[in-house]
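The structure under discussion appears below in the form of structure tokens.
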Amino acid sequence: MGNPTIYYYPDADGTLETIDFGEGLSDLQITQRRDVFDGFSRAGAFTRTTGRTYLEIRIILENFTSASLARQFETLSAHLERGNPIGFALDHDKAWAGFVRTTTSSGYYNPARGETRAVTAGNEFRYWSTSATIQSGDEIVVASASPSGLRETKVTSGVTSATANTVFFSTDALKYTHQNAPIIVRSRDFYPALVMPEGSVNQPIIESNHRISYTLDLTLVEDWGTIAAVDSLGYMGLRGTNGLPSDGYSLQEAVTEYRGSQDYGTAS
């Protein structure tokens, strides 16, 4: 089992930087959020319009004593304050996420209610963690973009191979028909695209007890624009810590590339 790890690109055209926590978290709090607008007709009929759906992630590491780790978090803060994305895995060995492919070499796949598998192109974040795998018995999330914003948590019953291009959950079929792309399949506690919300920008993420011990309290939200940008890359991939693949991307570069055809933006 790997340690909790943060992944980010300090320079958009540079290599991947990782922060290994070195120990287990004190707490990981996941809150489902959805923007909604309610109304009632004159006759009293209820209507609801749904907007963005996302997860809010609160990462807490209490009373750690590594000054070096505290400095890494303090350095990360400047990246987040500018609106740039990061990834986070509770377990580095489970930093796995792929995107559903409806047209495959074996024919058409429809991620519909009743399906007991998810067909992907494999781990799109393989250069973040070359050891990351999905295995039978692992918890995964199948989620699709807004406006439907559907998500389901499953326990895998098997995978096609080490690359897990096809993930099976034979005893727990899909409850929803997922239609809004991108549709992501990820290890339950791997969050590949997170940003700092506006309300957290002027809040310190590190607190010190006389510089004897430190506490990290970091609240982030899912960024489905970055998720869509990575999906649009296909299997070209994101760069790792060694700069490979040489034609790979950072998260920021993926967003810039994607922005050309979409109404989406991020801070630089």
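Within each chain, counting starts at residue 1; across the structure tokens, chains are named A, B, ... in the order shown, with ligands numbered 1 upward in that order.
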
Identify, on the basis of only C-alpha atoms, every residue whose closest approach to Gly114 (chain A) does not exceed 9 Å; exclude the query and any residue fewer than 3 positions from it along the same chain; express the result as number ranges by chain.
A: 111, 172-177

Please provide as a list in words all residues within 9 Å of Gln179 (chain A), with the sequence filter that same-chain residues fewer than 5 positions apart are discarded (counting only C-alpha atoms).
Asn110, Pro111, Ala112, Ser144, Ala145 and Ser148 of chain A

Hey, what's within 12 Å of Met236 (chain A) if we count only C-alpha atoms and toss same-chain stuff fewer than 4 positions away? As a PyMOL selection string, please?
chain A and resi 121-127+230-232+244-250+254

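Considering only C-alpha atoms, the residue among A:Ile86, A:Leu251, A:Ala95, A:Leu55 positioned nearest to Gln29 (chain A) is A:Leu55.
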
Selection near Gly225 (chain A), 12 Å with only C-alpha atoms, sequence-local residues under 5 positions removed, as a PyMOL selection string:
chain A and resi 52-54+84-85+145-146+181-182+192-195+230-232+251-252+254-259+262-266

Run DSSP on the backbone of this structure and report the residues of region 1-248 of chain A it assigns to strand (DSSP E), as a ChimeraX atom specification.
/A:5-8,17-20,27-40,46-64,86-89,97-99,103-104,107-108,117-119,139-144,151-155,158-159,166-168,183-187,190-195,206-209,213-222

Which residue of A:Ser26, A:Thr50, A:Thr116, A:Ser41 approaches Gly158 (chain A) most closely, using only C-alpha atoms
A:Thr116

Can you write out as CSV which residues of region 47-105 of chain A fall within 8 Å of region 17-24 of chain A, alongside each residue's closest atom pair and its distance in Å to one decimal, counting only C-alpha atoms and ordering rows by chain and ascending residue number?
residue,atom,partner,partner_atom,distance
A:Leu61,CA,A:Gly24,CA,7.9
A:Leu69,CA,A:Phe21,CA,7.2
A:Gln72,CA,A:Ile19,CA,7.1

Could you please take those selected residues and save N, CA and C atoms as a PDB file, in the first residue's frame?
ATOM      1  N   LEU A  61      -4.112  16.268   7.731  1.00  0.00           N
ATOM      2  CA  LEU A  61      -2.975  15.548   8.313  1.00  0.00           C
ATOM      3  C   LEU A  61      -2.559  16.309   9.559  1.00  0.00           C
ATOM      4  N   LEU A  69       8.247  18.390   4.994  1.00  0.00           N
ATOM      5  CA  LEU A  69       6.916  18.191   4.430  1.00  0.00           C
ATOM      6  C   LEU A  69       6.094  19.470   4.539  1.00  0.00           C
ATOM      7  N   GLN A  72       6.983  21.791   1.772  1.00  0.00           N
ATOM      8  CA  GLN A  72       6.404  21.373   0.493  1.00  0.00           C
ATOM      9  C   GLN A  72       4.949  21.816   0.369  1.00  0.00           C
TER      10      GLN A  72
END

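Residues in contact with Val159 (chain A) at up to 8 Å, not including ones fewer than 4 positions away on its chain and judged by only C-alpha atoms, are Ile134, Gln135, Ser136, Ala164, Asn165, Thr166, Val167 and Phe168 of chain A.
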
Give me the residues within 7 Å of Ser213 (chain A) as number ranges by chain, counting only C-alpha atoms and dropping any in the same chain fewer than 5 places off.
A: 63-65, 208

Convert the current residue selection to file output with C-alpha atoms, as an mmCIF file, in the first residue's frame.
data_model
loop_
_atom_site.group_PDB
_atom_site.id
_atom_site.type_symbol
_atom_site.label_atom_id
_atom_site.label_comp_id
_atom_site.auth_asym_id
_atom_site.auth_seq_id
_atom_site.Cartn_x
_atom_site.Cartn_y
_atom_site.Cartn_z
ATOM 1 C CA ASN A 63 0.431 16.901 14.177
ATOM 2 C CA PHE A 64 3.119 15.778 11.745
ATOM 3 C CA THR A 65 6.650 16.787 12.665
ATOM 4 C CA SER A 208 2.190 25.350 13.122
#
